[in-house]
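For reference, the structure is listed below as structure tokens.
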Amino acid sequence: MAPKPAAAIPVEIWGCCRSLVPYFTFILLFCAITSLNQLRTQQVPANVQIDIKFVFCNLTKEEQRIWVALEIMLYADIIILNCTENMDLGKTYTYFSSLWEMFKDEDDQHSESSSSRRPYPPYHYVMKGDDDTYFRLEKLAESLKPLPREDLYYGFVIPCESKDPFKHYMSGMGFAVSWDIVEWVRDSDIPRRHHVGPEDMVFGEWLKMGRKGRNRHNAKWSMYNFPEPPTHCSHELWPETIAVHLLKKEPRWIKTLKYFNVTRNLKPSKLYHIP
């Protein structure tokens, strides 16, 4: 099996029309390629640009190198970090602390002049998400649009009974931060010295220790766990959903995608018949 990655979301303003046409850019970085097609088929608002990346640590098997290379050739949607694959041993730190240098290099390589480079910041928001989470990109963009673009910490607050994002931390199903926090993670000794443990809880501890994330948004209950079995973290599927978590089995994916009618834009053709 391919190694597991992480996830991310940003918002960005392109070109010289910065004050006139604000474009939102999202980077969604996930732990596996299994959830990719459901993202590619989604429609997003015209003023939103979404970048989707799948994040791996160093590949260790020949089949991984082949399949991941093919994915890069087709879609250019992979990030490979210089680390050993893990979940709670620092991968999230490696990801966030590497982003600034990655996009700086991209600009240097692909821009012919400074006037054609991306404006600062390259993204307003970056999100890390799990591969067993179904994100509805349009609803996510709508939710982020009115929020601050500095010192923001966004997600589903844990524990599930809590509604106070300032007391606890955001679930690893999917949490977003503004770009200034990405830069702080890169520069601060706090995450550098403390990045082992449940990655979502550890991230929340960084912000508490560094007095960051003063602008917090709890996206309950538009983000929630799959409804079966019912728990304090779940409820029934509903139209205002931003994200559904714990889709670890194919029947859960099928029920979720069917509820949101994700194949409604399938074009008719003589080559197939799907009743």
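Scheme for the structure tokens: letters A, B, ... for chains in order shown; per-chain residue numbers from 1; ligand numbers from 1 in order shown.
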
Which residues come within 6 Å of Val177 (chain A), counting only C-alpha atoms, excluding same-chain residues fewer than 5 positions away, as a compact mmCIF listing (two decimals) with N, CA, C and O atoms, in the first residue's frame?
# COMPACT_ATOMS: atom_id res chain seq x y z
N TYR A 125 -5.02 30.60 3.52
CA TYR A 125 -5.31 29.53 4.46
C TYR A 125 -4.68 28.22 3.97
O TYR A 125 -4.66 27.95 2.78
N VAL A 126 -4.22 27.44 4.90
CA VAL A 126 -3.69 26.11 4.62
C VAL A 126 -4.43 25.12 5.51
O VAL A 126 -4.54 25.33 6.72
N LEU A 152 -5.68 32.87 12.17
CA LEU A 152 -6.92 32.08 12.16
C LEU A 152 -6.64 30.60 12.42
O LEU A 152 -5.69 30.04 11.88
N TYR A 153 -7.49 29.99 13.22
CA TYR A 153 -7.46 28.56 13.51
C TYR A 153 -8.89 28.06 13.37
O TYR A 153 -9.78 28.50 14.10

Query raised in the report: Leaving out Arg214 (chain A) and any residue of its chain fewer than 5 positions from it, which residues lie within 10 Å of it when counting only C-alpha atoms, given as number ranges by chain?
Result: A: 150-153, 165-166, 207-208

Selected residues, N, CA and C atoms, written as an mmCIF file, in the first residue's frame, please.
data_model
loop_
_atom_site.group_PDB
_atom_site.id
_atom_site.type_symbol
_atom_site.label_atom_id
_atom_site.label_comp_id
_atom_site.auth_asym_id
_atom_site.auth_seq_id
_atom_site.Cartn_x
_atom_site.Cartn_y
_atom_site.Cartn_z
ATOM 1 N N GLU A 150 -5.728 36.444 9.061
ATOM 2 C CA GLU A 150 -4.542 36.434 9.912
ATOM 3 C C GLU A 150 -4.893 35.792 11.254
ATOM 4 N N ASP A 151 -3.937 35.026 11.763
ATOM 5 C CA ASP A 151 -4.031 34.413 13.086
ATOM 6 C C ASP A 151 -5.314 33.597 13.223
ATOM 7 N N LEU A 152 -5.681 32.869 12.175
ATOM 8 C CA LEU A 152 -6.923 32.083 12.162
ATOM 9 C C LEU A 152 -6.639 30.605 12.420
ATOM 10 N N TYR A 153 -7.493 29.995 13.216
ATOM 11 C CA TYR A 153 -7.461 28.557 13.514
ATOM 12 C C TYR A 153 -8.888 28.060 13.371
ATOM 13 N N PRO A 165 -13.706 26.819 20.979
ATOM 14 C CA PRO A 165 -12.446 26.549 20.284
ATOM 15 C C PRO A 165 -11.227 27.138 20.989
ATOM 16 N N PHE A 166 -11.436 27.997 21.978
ATOM 17 C CA PHE A 166 -10.318 28.596 22.691
ATOM 18 C C PHE A 166 -9.836 27.734 23.858
ATOM 19 N N LEU A 207 -0.218 26.317 19.403
ATOM 20 C CA LEU A 207 -0.871 27.618 19.331
ATOM 21 C C LEU A 207 -1.125 28.187 20.717
ATOM 22 N N LYS A 208 -1.486 27.313 21.654
ATOM 23 C CA LYS A 208 -1.711 27.768 23.026
ATOM 24 C C LYS A 208 -0.422 28.281 23.641
#

Query raised in the report: as a ChimeraX atom specification, which residues of region 17-231 of chain A does DSSP assign to helix (DSSP H, G or I)?
Result: /A:33-40,62-75,91-110,114-116,137-144,179-187,189-193,199-210
